[in-house]
Amino acid sequence: MVMDKNRGGIKTFIVSLFLLIIAQTIIAQKKAKAFDIYREKVEDGYRIYADNNSFFPISGKIKFKKYKNLNFTNKKEEWYVVPANTKRKLLTELKVIDNTKPFYLHIGRYARYGDYYQKEYDKNFEYHLPFENNSTYYVLQGYNGSFSHRGINAIDFRMPEGTKVYAARGGRVIRIKEDSNIFCPNQSCSKYANYIMIYHFDGTIGEYHHIQKNGVVVDEGDVITIGQHIGYSGNTGFSTEPHLHFQVSLYGFFGKYSTLKTKFLVHQNKPAIYLSKDKGYTNYFKSHNFQSYK
């Protein structure tokens, strides 16, 4: 009987240890960098690799801070596009010039969302209004607005906190933030804005800002369809009143960050239009009735 108890204790210990290892592995995976560029020393120089653990391509650039006795196989400073979910992509190699002398390398890293070299995107896409059908909301601020939209193509919809937000276009959720409950009327509060970012399949990114605290109902990696419920509007970050800020961004164009003017479908059987400040718009298109992913 004593031996059976000992065996039971050993089994319990092994199971507990196994579960602990699994939990630690999951935590480590969550803490893994979304994107990293790193070097490996080899006999004849260095090889530089990149890992992209994101659901979308990321472009990286290597800054060669210090180096000695090495030749570059590529251009000295160049942007490299690393596809989604890619491990150990070889970016470049550096070869030793003189094997009789020491060599070393110190690097820095830069990264941008998307394909640095992207030139084209779907300029004709017609967006749905990001709120429930049969609802009407007014545009507080439009493209290149005089308050916080200077030089930015974005739309602010006046919207009470807790209003359901729907995807204006389908894609994949790449970033979310929902831990803030802070707002103020100046740019110092920009970092406190909650948001949802959705990567569209033409390389553009839909951004929904000022989301309510704990108001995101999708997860990073979720594939989203147009008209799907994705969160709840709020009043977080750089904000003077509750509203939803919507913009479409492009991080490529040879490194130039751009916000794009977007046309919305606001009438059935009529072409999409650009929205105007101080006008109200009604969504006549029925949203899909999706369940929360959380």
# chains A, B, ... in the order shown; residues from 1 in each chain; ligands from 1
>>> residues_around(residues="Tyr127 in chain A", least_positions_apart="3", cutoff="9 Å", atoms="only C-alpha atoms", output="JSON, numbers by chain")
{"A": [130, 168, 169, 226, 262, 263, 264, 265, 272]}
>>> closest_atom_pairs(of="range 119-203 of chain A", to="range 40-64 of chain A", cutoff="8 Å", atoms="only C-alpha atoms", output="Markdown table")
| residue | atom | partner | partner_atom | distance |
| --- | --- | --- | --- | --- |
| A:Arg172 | CA | A:Phe55 | CA | 7.6 |
| A:Ile174 | CA | A:Phe55 | CA | 6.4 |
| A:Tyr199 | CA | A:Phe56 | CA | 7.2 |
>>> select_by_dssp(residues="range 32-273 of chain A", states="strand (DSSP E)", output="ChimeraX atom specification")
/A:35-42,45-52,58-68,70-72,79-82,86-96,104-113,126-128,136-141,154-158,164-166,171-177,183-184,195-199,205-209,211-216,223-224,229-233,237-238,243-250,258-260,263-265
>>> atom_distance(atom1="CA of Ile196 in chain A", atom2="CA of Lys87 in chain A")
25.8 Å
>>> closest_residue(among="A:Tyr117, A:Tyr80, A:Phe246, A:Phe157", to="Met197 in chain A", atoms="only C-alpha atoms")
A:Phe246
>>> closest_residue(among="A:Gln247, A:Thr163, A:Asn186, A:Asn283", to="Tyr232 in chain A", atoms="only C-alpha atoms")
A:Thr163
